[in-house]
$ cat my_file-v6.pdb   # PDB, C-alpha atoms and all ligand atoms
ATOM      1  CA  MET A   1      30.994 -32.789 -26.914
ATOM      2  CA  GLN A   2      27.556 -31.238 -26.558
ATOM      3  CA  ALA A   3      26.318 -28.963 -29.312
ATOM      4  CA  THR A   4      24.168 -25.966 -28.414
ATOM      5  CA  LEU A   5      20.493 -25.844 -29.312
ATOM      6  CA  PRO A   6      19.702 -24.589 -32.831
ATOM      7  CA  ALA A   7      19.377 -20.803 -33.056
ATOM      8  CA  VAL A   8      15.831 -21.044 -34.393
ATOM      9  CA  LEU A   9      14.660 -22.056 -30.900
ATOM     10  CA  TYR A  10      15.614 -18.556 -29.721
ATOM     11  CA  ARG A  11      13.704 -16.572 -32.328
ATOM     12  CA  ASP A  12      10.635 -18.518 -33.454
ATOM     13  CA  PRO A  13       7.271 -17.436 -31.932
ATOM     14  CA  ALA A  14       5.962 -20.988 -32.472
ATOM     15  CA  VAL A  15       8.713 -22.316 -30.185
ATOM     16  CA  PHE A  16       7.615 -19.897 -27.493
ATOM     17  CA  GLU A  17       4.076 -21.297 -27.725
ATOM     18  CA  ARG A  18       5.475 -24.808 -27.208
ATOM     19  CA  GLU A  19       7.456 -23.553 -24.211
ATOM     20  CA  ARG A  20       4.350 -21.989 -22.709
ATOM     21  CA  ALA A  21       2.742 -25.413 -22.564
ATOM     22  CA  GLY A  22       5.727 -27.728 -22.125
ATOM     23  CA  VAL A  23       7.861 -25.625 -19.778
ATOM     24  CA  PHE A  24       5.762 -22.977 -18.046
ATOM     25  CA  ALA A  25       2.209 -24.361 -17.769
ATOM     26  CA  ALA A  26       3.633 -27.797 -16.987
ATOM     27  CA  GLY A  27       5.933 -26.667 -14.189
ATOM     28  CA  TRP A  28       6.035 -24.487 -11.102
ATOM     29  CA  SER A  29       6.184 -20.741 -11.701
ATOM     30  CA  PHE A  30       7.179 -18.195  -9.104
ATOM     31  CA  LEU A  31       4.539 -15.620  -8.228
ATOM     32  CA  GLY A  32       5.729 -13.777  -5.130
ATOM     33  CA  HIS A  33       6.119 -14.015  -1.388
ATOM     34  CA  ASP A  34       3.630 -14.773   1.346
ATOM     35  CA  SER A  35       4.381 -11.473   3.027
ATOM     36  CA  GLU A  36       2.917  -9.613   0.041
ATOM     37  CA  ALA A  37      -0.516 -11.078   0.826
ATOM     38  CA  ALA A  38      -0.563 -11.375   4.595
ATOM     39  CA  GLY A  39      -4.210 -10.620   5.372
ATOM     40  CA  ALA A  40      -7.638 -11.686   4.098
ATOM     41  CA  GLY A  41      -8.371  -9.994   0.773
ATOM     42  CA  ASP A  42      -4.692  -9.326   0.035
ATOM     43  CA  TYR A  43      -3.508 -10.556  -3.336
ATOM     44  CA  ILE A  44      -0.401 -11.073  -5.455
ATOM     45  CA  ALA A  45      -0.793 -10.980  -9.230
ATOM     46  CA  GLY A  46       1.551 -11.871 -12.034
ATOM     47  CA  ASP A  47       1.774 -13.970 -15.126
ATOM     48  CA  VAL A  48       3.146 -17.289 -16.236
ATOM     49  CA  ALA A  49       4.872 -16.656 -19.565
ATOM     50  CA  GLY A  50       2.274 -13.974 -20.267
ATOM     51  CA  LEU A  51      -0.753 -15.864 -18.872
ATOM     52  CA  PRO A  52      -2.286 -13.733 -16.064
ATOM     53  CA  VAL A  53      -2.757 -15.335 -12.645
ATOM     54  CA  LEU A  54      -3.370 -14.194  -9.079
ATOM     55  CA  ALA A  55      -3.248 -15.541  -5.546
ATOM     56  CA  VAL A  56      -5.638 -14.153  -2.948
ATOM     57  CA  ARG A  57      -5.820 -14.745   0.802
ATOM     58  CA  GLY A  58      -9.243 -15.964   1.984
ATOM     59  CA  GLU A  59     -11.036 -15.229   5.256
ATOM     60  CA  ASP A  60      -9.856 -18.668   6.402
ATOM     61  CA  GLY A  61      -6.205 -17.633   5.931
ATOM     62  CA  ALA A  62      -5.653 -19.884   2.907
ATOM     63  CA  LEU A  63      -3.966 -18.531  -0.200
ATOM     64  CA  ARG A  64      -5.823 -19.579  -3.363
ATOM     65  CA  GLY A  65      -4.746 -19.277  -6.965
ATOM     66  CA  PHE A  66      -6.914 -18.258  -9.916
ATOM     67  CA  HIS A  67      -6.508 -17.169 -13.482
ATOM     68  CA  ASN A  68      -6.882 -13.397 -13.446
ATOM     69  CA  VAL A  69      -9.635 -13.712 -16.034
ATOM     70  CA  CYS A  70     -13.321 -12.923 -15.500
ATOM     71  CA  ARG A  71     -15.801 -15.540 -16.729
ATOM     72  CA  HIS A  72     -17.987 -12.888 -18.395
ATOM     73  CA  ARG A  73     -15.851 -11.410 -21.178
ATOM     74  CA  ALA A  74     -12.331 -11.982 -19.899
ATOM     75  CA  GLY A  75     -11.784  -8.799 -17.900
ATOM     76  CA  PRO A  76      -9.079  -8.676 -15.238
ATOM     77  CA  LEU A  77      -9.991  -9.089 -11.554
ATOM     78  CA  VAL A  78      -6.969  -7.140 -10.369
ATOM     79  CA  THR A  79      -4.583  -4.902 -12.234
ATOM     80  CA  ASP A  80      -1.847  -4.192  -9.671
ATOM     81  CA  GLN A  81       1.025  -6.512  -8.828
ATOM     82  CA  SER A  82      -0.155  -6.752  -5.226
ATOM     83  CA  GLY A  83      -2.739  -5.076  -3.049
ATOM     84  CA  HIS A  84      -5.969  -5.512  -1.152
ATOM     85  CA  CYS A  85      -9.249  -6.304  -2.900
ATOM     86  CA  GLY A  86     -11.570  -6.111   0.096
ATOM     87  CA  GLY A  87     -13.942  -8.983   0.805
ATOM     88  CA  GLU A  88     -14.348  -9.959  -2.837
ATOM     89  CA  LEU A  89     -12.751  -9.814  -6.262
ATOM     90  CA  THR A  90     -14.557  -7.343  -8.513
ATOM     91  CA  CYS A  91     -13.965  -7.451 -12.253
ATOM     92  CA  LYS A  92     -12.474  -4.260 -13.686
ATOM     93  CA  TYR A  93     -14.678  -4.451 -16.801
ATOM     94  CA  HIS A  94     -18.395  -4.743 -15.885
ATOM     95  CA  GLY A  95     -18.092  -5.306 -12.169
ATOM     96  CA  TRP A  96     -18.950  -8.982 -11.673
ATOM     97  CA  ARG A  97     -18.117  -9.892  -8.073
ATOM     98  CA  TYR A  98     -16.455 -13.097  -6.909
ATOM     99  CA  THR A  99     -15.907 -14.496  -3.410
ATOM    100  CA  LEU A 100     -12.318 -14.915  -2.232
ATOM    101  CA  ASP A 101     -12.668 -18.653  -2.894
ATOM    102  CA  GLY A 102     -13.626 -18.002  -6.505
ATOM    103  CA  ARG A 103     -17.414 -18.372  -6.628
ATOM    104  CA  LEU A 104     -19.439 -15.866  -8.616
ATOM    105  CA  ARG A 105     -21.319 -13.890  -5.974
ATOM    106  CA  SER A 106     -23.032 -11.394  -8.251
ATOM    107  CA  ALA A 107     -23.203 -10.924 -12.022
ATOM    108  CA  THR A 108     -23.690  -7.212 -11.396
ATOM    109  CA  GLY A 109     -26.624  -5.781 -13.393
ATOM    110  CA  PHE A 110     -26.677  -8.747 -15.778
ATOM    111  CA  GLY A 111     -30.466  -8.953 -15.997
ATOM    112  CA  PRO A 112     -32.769 -11.954 -15.990
ATOM    113  CA  ASP A 113     -31.682 -14.939 -18.066
ATOM    114  CA  ALA A 114     -33.361 -18.258 -17.366
ATOM    115  CA  GLY A 115     -30.411 -20.239 -18.669
ATOM    116  CA  PHE A 116     -27.803 -18.481 -16.550
ATOM    117  CA  ASP A 117     -26.626 -20.257 -13.403
ATOM    118  CA  PRO A 118     -23.918 -18.324 -11.479
ATOM    119  CA  ARG A 119     -22.599 -21.625 -10.094
ATOM    120  CA  ASP A 120     -21.292 -22.399 -13.580
ATOM    121  CA  PHE A 121     -19.233 -19.210 -13.699
ATOM    122  CA  GLY A 122     -16.715 -19.446 -10.873
ATOM    123  CA  LEU A 123     -13.143 -18.339 -11.494
ATOM    124  CA  HIS A 124     -10.801 -20.864 -13.077
ATOM    125  CA  PRO A 125      -8.633 -22.144 -10.225
ATOM    126  CA  VAL A 126      -4.860 -22.487 -10.374
ATOM    127  CA  ARG A 127      -2.879 -24.925  -8.268
ATOM    128  CA  ILE A 128      -0.732 -23.167  -5.709
ATOM    129  CA  GLU A 129       1.992 -24.256  -3.261
ATOM    130  CA  THR A 130       4.502 -22.389  -1.149
ATOM    131  CA  TRP A 131       8.098 -23.126  -0.169
ATOM    132  CA  ARG A 132       9.646 -21.124   2.679
ATOM    133  CA  GLY A 133       7.057 -18.426   2.019
ATOM    134  CA  PHE A 134       7.696 -18.275  -1.730
ATOM    135  CA  VAL A 135       4.478 -18.718  -3.688
ATOM    136  CA  PHE A 136       4.450 -20.834  -6.842
ATOM    137  CA  VAL A 137       1.643 -21.764  -9.248
ATOM    138  CA  ASN A 138       1.226 -24.702 -11.607
ATOM    139  CA  LEU A 139      -1.180 -24.065 -14.461
ATOM    140  CA  ASP A 140      -1.780 -27.525 -15.866
ATOM    141  CA  GLY A 141      -2.184 -29.079 -12.409
ATOM    142  CA  ASP A 142       0.025 -32.073 -13.213
ATOM    143  CA  ALA A 143       3.419 -31.009 -11.828
ATOM    144  CA  GLY A 144       4.978 -33.086  -9.049
ATOM    145  CA  PRO A 145       4.962 -31.606  -5.533
ATOM    146  CA  LEU A 146       6.798 -28.278  -5.323
ATOM    147  CA  ALA A 147       8.871 -29.662  -2.438
ATOM    148  CA  GLU A 148      10.460 -32.179  -4.825
ATOM    149  CA  LEU A 149      11.682 -29.358  -7.049
ATOM    150  CA  THR A 150      12.954 -27.214  -4.192
ATOM    151  CA  ALA A 151      14.488 -30.044  -2.103
ATOM    152  CA  PRO A 152      18.093 -29.284  -3.172
ATOM    153  CA  LEU A 153      17.601 -25.670  -2.088
ATOM    154  CA  ASP A 154      16.717 -26.660   1.489
ATOM    155  CA  GLY A 155      20.212 -27.870   2.296
ATOM    156  CA  LEU A 156      21.767 -24.787   0.719
ATOM    157  CA  PHE A 157      19.509 -22.362   2.553
ATOM    158  CA  ASP A 158      20.180 -24.147   5.842
ATOM    159  CA  ARG A 159      23.935 -24.208   5.254
ATOM    160  CA  PHE A 160      24.044 -20.507   4.424
ATOM    161  CA  GLY A 161      21.614 -19.612   7.211
ATOM    162  CA  VAL A 162      19.375 -17.731   4.818
ATOM    163  CA  VAL A 163      16.798 -15.704   6.695
ATOM    164  CA  ILE A 164      13.881 -14.503   4.611
ATOM    165  CA  GLY A 165      12.280 -11.360   5.954
ATOM    166  CA  PRO A 166       9.492  -9.399   4.345
ATOM    167  CA  THR A 167      10.058  -8.091   0.833
ATOM    168  CA  THR A 168      11.509  -4.622   0.835
ATOM    169  CA  LEU A 169      11.613  -3.767  -2.838
ATOM    170  CA  ARG A 170      10.551  -4.928  -6.288
ATOM    171  CA  ARG A 171      12.327  -3.708  -9.410
ATOM    172  CA  SER A 172      12.288  -4.859 -13.015
ATOM    173  CA  HIS A 173      14.423  -4.574 -16.135
ATOM    174  CA  ASP A 174      13.309  -5.194 -19.731
ATOM    175  CA  LEU A 175      15.696  -6.960 -22.100
ATOM    176  CA  ALA A 176      15.430  -7.349 -25.881
ATOM    177  CA  CYS A 177      16.334 -11.030 -25.950
ATOM    178  CA  ASN A 178      14.745 -14.449 -25.711
ATOM    179  CA  TRP A 179      14.389 -15.641 -22.103
ATOM    180  CA  LYS A 180      16.721 -18.597 -22.753
ATOM    181  CA  THR A 181      19.483 -16.270 -23.913
ATOM    182  CA  TYR A 182      19.427 -14.613 -20.497
ATOM    183  CA  VAL A 183      18.945 -17.824 -18.484
ATOM    184  CA  GLU A 184      21.907 -19.476 -20.180
ATOM    185  CA  ASN A 185      24.017 -16.423 -19.458
ATOM    186  CA  TYR A 186      23.044 -16.759 -15.804
ATOM    187  CA  LEU A 187      23.974 -20.446 -15.823
ATOM    188  CA  GLU A 188      27.688 -19.982 -16.410
ATOM    189  CA  GLY A 189      30.534 -17.990 -14.905
ATOM    190  CA  TYR A 190      32.592 -18.361 -18.084
ATOM    191  CA  HIS A 191      31.741 -14.819 -19.225
ATOM    192  CA  ILE A 192      32.658 -13.064 -15.967
ATOM    193  CA  ASP A 193      36.258 -12.219 -16.878
ATOM    194  CA  VAL A 194      35.199 -10.525 -20.103
ATOM    195  CA  VAL A 195      31.780  -9.091 -19.288
ATOM    196  CA  HIS A 196      32.017  -8.245 -15.570
ATOM    197  CA  PRO A 197      35.498  -6.865 -14.837
ATOM    198  CA  GLY A 198      34.369  -5.508 -11.481
ATOM    199  CA  LEU A 199      33.054  -8.861 -10.300
ATOM    200  CA  ALA A 200      36.065 -10.662 -11.800
ATOM    201  CA  ALA A 201      38.316  -8.684  -9.470
ATOM    202  CA  GLU A 202      36.477 -10.079  -6.438
ATOM    203  CA  VAL A 203      36.195 -13.790  -7.233
ATOM    204  CA  ASP A 204      38.557 -16.518  -8.396
ATOM    205  CA  THR A 205      37.030 -16.984 -11.847
ATOM    206  CA  ALA A 206      39.495 -19.745 -12.778
ATOM    207  CA  ARG A 207      37.854 -21.899 -10.125
ATOM    208  CA  TYR A 208      34.276 -20.841 -10.879
ATOM    209  CA  ARG A 209      32.060 -23.901 -11.215
ATOM    210  CA  VAL A 210      28.361 -24.563 -11.696
ATOM    211  CA  ARG A 211      27.069 -27.823 -10.258
ATOM    212  CA  MET A 212      23.634 -29.337 -10.902
ATOM    213  CA  ASP A 213      21.657 -30.839  -8.029
ATOM    214  CA  GLY A 214      18.308 -32.009  -9.362
ATOM    215  CA  ALA A 215      16.802 -29.017 -11.159
ATOM    216  CA  VAL A 216      18.958 -26.576  -9.172
ATOM    217  CA  ALA A 217      22.168 -25.052 -10.522
ATOM    218  CA  VAL A 218      24.544 -24.119  -7.722
ATOM    219  CA  HIS A 219      27.275 -21.608  -8.456
ATOM    220  CA  GLU A 220      30.466 -22.197  -6.491
ATOM    221  CA  VAL A 221      33.299 -19.723  -6.543
ATOM    222  CA  PRO A 222      35.964 -18.861  -3.976
ATOM    223  CA  THR A 223      36.181 -15.152  -3.284
ATOM    224  CA  LEU A 224      39.674 -13.706  -3.493
ATOM    225  CA  SER A 225      39.405 -12.562   0.110
ATOM    226  CA  GLY A 226      38.926 -16.211   1.090
ATOM    227  CA  VAL A 227      35.513 -15.537   2.553
ATOM    228  CA  ASN A 228      32.647 -17.428   1.030
ATOM    229  CA  ASP A 229      29.985 -14.793   1.306
ATOM    230  CA  GLY A 230      27.630 -15.577  -1.498
ATOM    231  CA  LEU A 231      25.240 -18.189  -2.785
ATOM    232  CA  TRP A 232      23.792 -18.152  -6.271
ATOM    233  CA  ALA A 233      21.253 -20.878  -6.937
ATOM    234  CA  TRP A 234      19.037 -21.180  -9.991
ATOM    235  CA  LEU A 235      15.850 -23.222 -10.161
ATOM    236  CA  TRP A 236      14.332 -24.627 -13.347
ATOM    237  CA  PRO A 237      13.067 -23.021 -15.447
ATOM    238  CA  ASN A 238      13.660 -19.310 -14.752
ATOM    239  CA  LEU A 239      14.217 -18.377 -11.116
ATOM    240  CA  ALA A 240      17.335 -17.580  -9.139
ATOM    241  CA  PHE A 241      18.105 -16.956  -5.494
ATOM    242  CA  ASN A 242      20.995 -14.558  -5.094
ATOM    243  CA  VAL A 243      22.119 -14.602  -1.463
ATOM    244  CA  TYR A 244      24.547 -11.963  -0.276
ATOM    245  CA  ARG A 245      25.872 -10.756   3.039
ATOM    246  CA  TYR A 246      23.131  -8.173   3.288
ATOM    247  CA  GLY A 247      20.198 -10.377   2.362
ATOM    248  CA  LEU A 248      18.496 -12.094  -0.516
ATOM    249  CA  MET A 249      17.427 -11.103  -3.998
ATOM    250  CA  VAL A 250      15.044 -13.322  -5.938
ATOM    251  CA  GLU A 251      15.470 -12.974  -9.671
ATOM    252  CA  HIS A 252      12.622 -14.044 -11.929
ATOM    253  CA  MET A 253      13.604 -14.232 -15.608
ATOM    254  CA  LYS A 254      10.208 -13.901 -17.241
ATOM    255  CA  PRO A 255       9.501 -14.340 -20.924
ATOM    256  CA  VAL A 256       7.256 -11.600 -22.292
ATOM    257  CA  ASP A 257       7.251 -13.112 -25.770
ATOM    258  CA  HIS A 258       9.781 -14.923 -27.973
ATOM    259  CA  GLY A 259      12.038 -11.853 -28.212
ATOM    260  CA  ARG A 260      11.563 -10.018 -24.917
ATOM    261  CA  THR A 261      12.414 -10.848 -21.331
ATOM    262  CA  ARG A 262      11.568  -9.065 -18.122
ATOM    263  CA  LEU A 263      13.783  -9.499 -15.084
ATOM    264  CA  ASP A 264      11.723  -9.111 -11.919
ATOM    265  CA  TYR A 265      13.913  -8.593  -8.877
ATOM    266  CA  LEU A 266      12.534  -8.999  -5.370
ATOM    267  CA  TYR A 267      14.816  -7.766  -2.637
ATOM    268  CA  PHE A 268      14.643  -9.101   0.903
ATOM    269  CA  LEU A 269      17.082  -6.830   2.651
ATOM    270  CA  ASP A 270      17.631  -5.985   6.265
ATOM    271  CA  PRO A 271      17.376  -2.179   6.325
ATOM    272  CA  GLU A 272      19.460  -2.181   9.523
ATOM    273  CA  THR A 273      22.541  -3.622   7.832
ATOM    274  CA  ALA A 274      22.113  -3.163   4.083
ATOM    275  CA  ASP A 275      23.448  -0.093   2.322
ATOM    276  CA  MET A 276      20.573   0.078  -0.153
ATOM    277  CA  ASP A 277      22.234   2.537  -2.513
ATOM    278  CA  ALA A 278      25.384   0.417  -2.781
ATOM    279  CA  VAL A 279      23.396  -2.800  -3.168
ATOM    280  CA  LEU A 280      21.222  -1.435  -5.955
ATOM    281  CA  ALA A 281      24.159   0.214  -7.731
ATOM    282  CA  ALA A 282      26.080  -3.098  -7.771
ATOM    283  CA  SER A 283      22.987  -4.957  -8.946
ATOM    284  CA  ASP A 284      22.344  -2.414 -11.711
ATOM    285  CA  THR A 285      25.932  -2.626 -12.944
ATOM    286  CA  LEU A 286      25.800  -6.414 -13.300
ATOM    287  CA  THR A 287      22.396  -6.277 -14.977
ATOM    288  CA  ALA A 288      23.520  -3.583 -17.417
ATOM    289  CA  GLU A 289      26.612  -5.611 -18.354
ATOM    290  CA  ASP A 290      24.531  -8.755 -18.890
ATOM    291  CA  ARG A 291      21.919  -6.829 -20.874
ATOM    292  CA  VAL A 292      24.466  -5.511 -23.382
ATOM    293  CA  ILE A 293      25.924  -8.936 -24.082
ATOM    294  CA  CYS A 294      22.598 -10.824 -24.104
ATOM    295  CA  GLU A 295      21.005  -8.351 -26.529
ATOM    296  CA  ALA A 296      24.056  -8.520 -28.805
ATOM    297  CA  VAL A 297      23.950 -12.339 -28.737
ATOM    298  CA  GLN A 298      20.234 -12.238 -29.538
ATOM    299  CA  ARG A 299      20.811 -10.035 -32.579
ATOM    300  CA  ASN A 300      23.324 -12.604 -33.794
ATOM    301  CA  LEU A 301      20.967 -15.511 -33.124
ATOM    302  CA  ASP A 302      18.367 -13.620 -35.160
ATOM    303  CA  ALA A 303      20.784 -12.867 -38.009
ATOM    304  CA  GLY A 304      20.725 -16.422 -39.314
ATOM    305  CA  ILE A 305      24.420 -17.159 -39.928
ATOM    306  CA  TYR A 306      24.999 -18.898 -36.583
ATOM    307  CA  ASP A 307      23.110 -22.118 -35.989
ATOM    308  CA  GLN A 308      24.844 -24.285 -33.405
ATOM    309  CA  GLY A 309      28.046 -24.069 -31.359
ATOM    310  CA  VAL A 310      29.588 -26.212 -28.602
ATOM    311  CA  LEU A 311      29.482 -26.143 -24.799
ATOM    312  CA  SER A 312      32.547 -26.154 -22.552
ATOM    313  CA  PRO A 313      32.677 -29.213 -20.264
ATOM    314  CA  ARG A 314      34.507 -27.116 -17.669
ATOM    315  CA  HIS A 315      32.281 -24.052 -17.595
ATOM    316  CA  GLU A 316      28.951 -24.796 -19.225
ATOM    317  CA  THR A 317      27.564 -27.869 -17.499
ATOM    318  CA  GLY A 318      24.626 -25.787 -16.253
ATOM    319  CA  VAL A 319      23.872 -24.572 -19.768
ATOM    320  CA  ALA A 320      24.142 -28.143 -21.059
ATOM    321  CA  TRP A 321      21.684 -29.393 -18.440
ATOM    322  CA  PHE A 322      19.261 -26.564 -19.227
ATOM    323  CA  GLN A 323      19.392 -27.141 -22.981
ATOM    324  CA  THR A 324      18.838 -30.891 -22.598
ATOM    325  CA  ARG A 325      15.888 -30.323 -20.268
ATOM    326  CA  LEU A 326      14.426 -27.639 -22.517
ATOM    327  CA  ALA A 327      14.663 -29.792 -25.629
ATOM    328  CA  GLY A 328      12.861 -32.616 -23.814
ATOM    329  CA  ALA A 329      10.136 -30.295 -22.521
ATOM    330  CA  ILE A 330       9.153 -29.007 -25.968
ATOM    331  CA  ALA A 331       9.731 -32.209 -27.956
TER
HETATM  332  S1  LIG A 401     -15.615  -9.080 -18.209
HETATM  333 FE1  LIG A 401     -15.806  -9.192 -16.091
HETATM  334  S2  LIG A 401     -17.683  -8.305 -15.687
HETATM  335 FE2  LIG A 401     -17.550  -8.252 -17.836
HETATM  336 FE    FE A 402      26.631 -12.099 -16.049
END
$ encode --input "my_file-v6.pdb" --output "structure tokens" --more "lines below"
Ligand code: FES
Ligand SMILES: [Fe+2]
Amino acid sequence: MQATLPAVLYRDPAVFERERAGVFAAGWSFLGHDSEAAGAGDYIAGDVAGLPVLAVRGEDGALRGFHNVCRHRAGPLVTDQSGHCGGELTCKYHGWRYTLDGRLRSATGFGPDAGFDPRDFGLHPVRIETWRGFVFVNLDGDAGPLAELTAPLDGLFDRFGVVIGPTTLRRSHDLACNWKTYVENYLEGYHIDVVHPGLAAEVDTARYRVRMDGAVAVHEVPTLSGVNDGLWAWLWPNLAFNVYRYGLMVEHMKPVDHGRTRLDYLYFLDPETADMDAVLAASDTLTAEDRVICEAVQRNLDAGIYDQGVLSPRHETGVAWFQTRLAGAIA
């Protein structure tokens, strides 16, 4: 019998700081898709558990990662989620200008200072790798190759014939809960009968299983129509690929702080075949149902009476794996 993690791990700001280092800076974090930065000077920006980063395409076609932090007094280089910066990155505070490979080109208007050497003030680089066009960053530089993490996904994507077109839409939802509260909810189908009656009518929830393959949780559930038309695969620590008949939705479960989570959804839909209104309505319904239960659970984790429970060997193997991995990462 596996006990759940203590409730304090879901409400303590100090735990979140340990997770920033042990989980997020140490691992691979999703940033976006290649197609969002196709040409020289195009960029994608985001954050890793609140730490701002960007990836920008150089004149040589290479995508390079940097902290989105100016070396002068910490201004941001870009402020949009994606866009085009021209031939250089210009700080939004006092206008220092950096080349697309991160060197300080001009400390605009700085004035003479004998001790100042611009070569000492290049942008802080961030390690970057891509898998099937998906861009990931690793802040501490010590993670194993991204391909090792994503290897179990290759077979799944091939088997389901997943075609990844350009992104068509980004949407986000803000939840008042710890990121782990939401991730763990994603990692089991146990709650579907109670929380998602609409979905429960379409799938055989009694045979819903979550199987771990490396750091990937694969959801397997027969549909009641007998047609296996979906793939739900989660990747440590906070990313999911939701594959449907009409395309793919990438779900990034981002911690904002210890008590807030932002769900960033990236849709890769074929506008020829997808009924966008129906797709988004179905997605919104599921998210709204999960939000209500996750926020209620969080209030109870915060209340102090509940400390630890137990995990079902039939339904919560994914949650068990996640909690074991999490505990090791912040030990
Ligand atoms: S903080 Fe970037 S130019 Fe001053
Ligand atoms: Fe759910």
$ residues_around --input "my_file-v6.pdb" --residues "Val23 in chain A" --least-positions-apart "5" --cutoff "12 Å" --atoms "only C-alpha atoms" --output "PyMOL selection string"
chain A and resi 15-18+28-29+48-49+138-140+143+180+236-238+255+322+325-331
$ residues_around --input "my_file-v6.pdb" --residues "range 157-171 of chain A" --least-positions-apart "6" --cutoff "9 Å" --atoms "all atoms listed in the file" --output "list in words"
His33, Asp34, Ser35, Glu36, Arg132, Gly133, Asp229, Gly230, Leu231, Val243, Gly247, Leu248, Leu263, Asp264, Tyr265, Leu266, Tyr267, Phe268, Leu269, Asp270 and Pro271 of chain A
$ residues_near_ligand --input "my_file-v6.pdb" --ligand "ligand LIG 401 (chain A)" --cutoff "6 Å" --atoms "only C-alpha atoms and all ligand atoms" --output "PyMOL selection string"
chain A and resi 70+72-75+91+93-96
$ write_last_selection --input "my_file-v6.pdb" --atoms "C-alpha atoms" --output "short mmCIF file (atom, residue, chain, number, x, y, z; two decimals), keeping the file's coordinate frame"
data_model
loop_
_atom_site.label_atom_id
_atom_site.label_comp_id
_atom_site.auth_asym_id
_atom_site.auth_seq_id
_atom_site.Cartn_x
_atom_site.Cartn_y
_atom_site.Cartn_z
CA CYS A 70 -13.32 -12.92 -15.50
CA HIS A 72 -17.99 -12.89 -18.40
CA ARG A 73 -15.85 -11.41 -21.18
CA ALA A 74 -12.33 -11.98 -19.90
CA GLY A 75 -11.78 -8.80 -17.90
CA CYS A 91 -13.96 -7.45 -12.25
CA TYR A 93 -14.68 -4.45 -16.80
CA HIS A 94 -18.40 -4.74 -15.88
CA GLY A 95 -18.09 -5.31 -12.17
CA TRP A 96 -18.95 -8.98 -11.67
#
$ residues_around --input "my_file-v6.pdb" --residues "range 305-320 of chain A" --least-positions-apart "4" --cutoff "7 Å" --atoms "all atoms listed in the file" --output "PyMOL selection string"
chain A and resi 1-7+184+187-190+209-212+217+301+324
$ closest_residue --input "my_file-v6.pdb" --among "A:Leu156, A:Val203, A:Ala40, A:Val69" --to "Gly86 in chain A" --atoms "only C-alpha atoms"
A:Ala40
$ resolve_selection --input "my_file-v6.pdb" --expression "the PyMOL selection byres (((not hetatm)) within 8 of (chain A and resi 402))" --output "list in words"
Asn185, Tyr186, Glu188, Gly189, His191, Ile192, Val195, His196, Leu286, Thr287, Glu289 and Asp290 of chain A
$ write_last_selection --input "my_file-v6.pdb" --atoms "C-alpha atoms" --output "compact mmCIF listing (two decimals), in the coordinates of the input"
# COMPACT_ATOMS: atom_id res chain seq x y z
CA ASN A 185 24.02 -16.42 -19.46
CA TYR A 186 23.04 -16.76 -15.80
CA GLU A 188 27.69 -19.98 -16.41
CA GLY A 189 30.53 -17.99 -14.90
CA HIS A 191 31.74 -14.82 -19.23
CA ILE A 192 32.66 -13.06 -15.97
CA VAL A 195 31.78 -9.09 -19.29
CA HIS A 196 32.02 -8.24 -15.57
CA LEU A 286 25.80 -6.41 -13.30
CA THR A 287 22.40 -6.28 -14.98
CA GLU A 289 26.61 -5.61 -18.35
CA ASP A 290 24.53 -8.76 -18.89
$ atom_distance --input "my_file-v6.pdb" --atom1 "CA of Asp204 in chain A" --atom2 "CA of Thr285 in chain A"
19.3 Å
$ closest_residue --input "my_file-v6.pdb" --among "A:Arg245, A:Pro222, A:Asn178, A:Asp120" --to "Glu19 in chain A" --atoms "all atoms listed in the file"
A:Asn178
$ closest_residue --input "my_file-v6.pdb" --among "A:Trp179, A:Trp232, A:Tyr244, A:Phe116" --to "Gly259 in chain A" --atoms "all atoms listed in the file"
A:Trp179
$ closest_residue --input "my_file-v6.pdb" --among "A:Phe24, A:Tyr208, A:Trp131, A:Trp234" --to "Ala151 in chain A" --atoms "all atoms listed in the file"
A:Trp131
$ atom_distance --input "my_file-v6.pdb" --atom1 "CA of Gly39 in chain A" --atom2 "CA of Arg103 in chain A"
19.5 Å
$ resolve_selection --input "my_file-v6.pdb" --expression "the PyMOL selection byres (((chain A and resi 106-110) around 8) and not hetatm)" --output "list in words"
His94, Gly95, Trp96, Arg97, Tyr98, Leu104, Arg105, Gly111, Pro112 and Pro118 of chain A
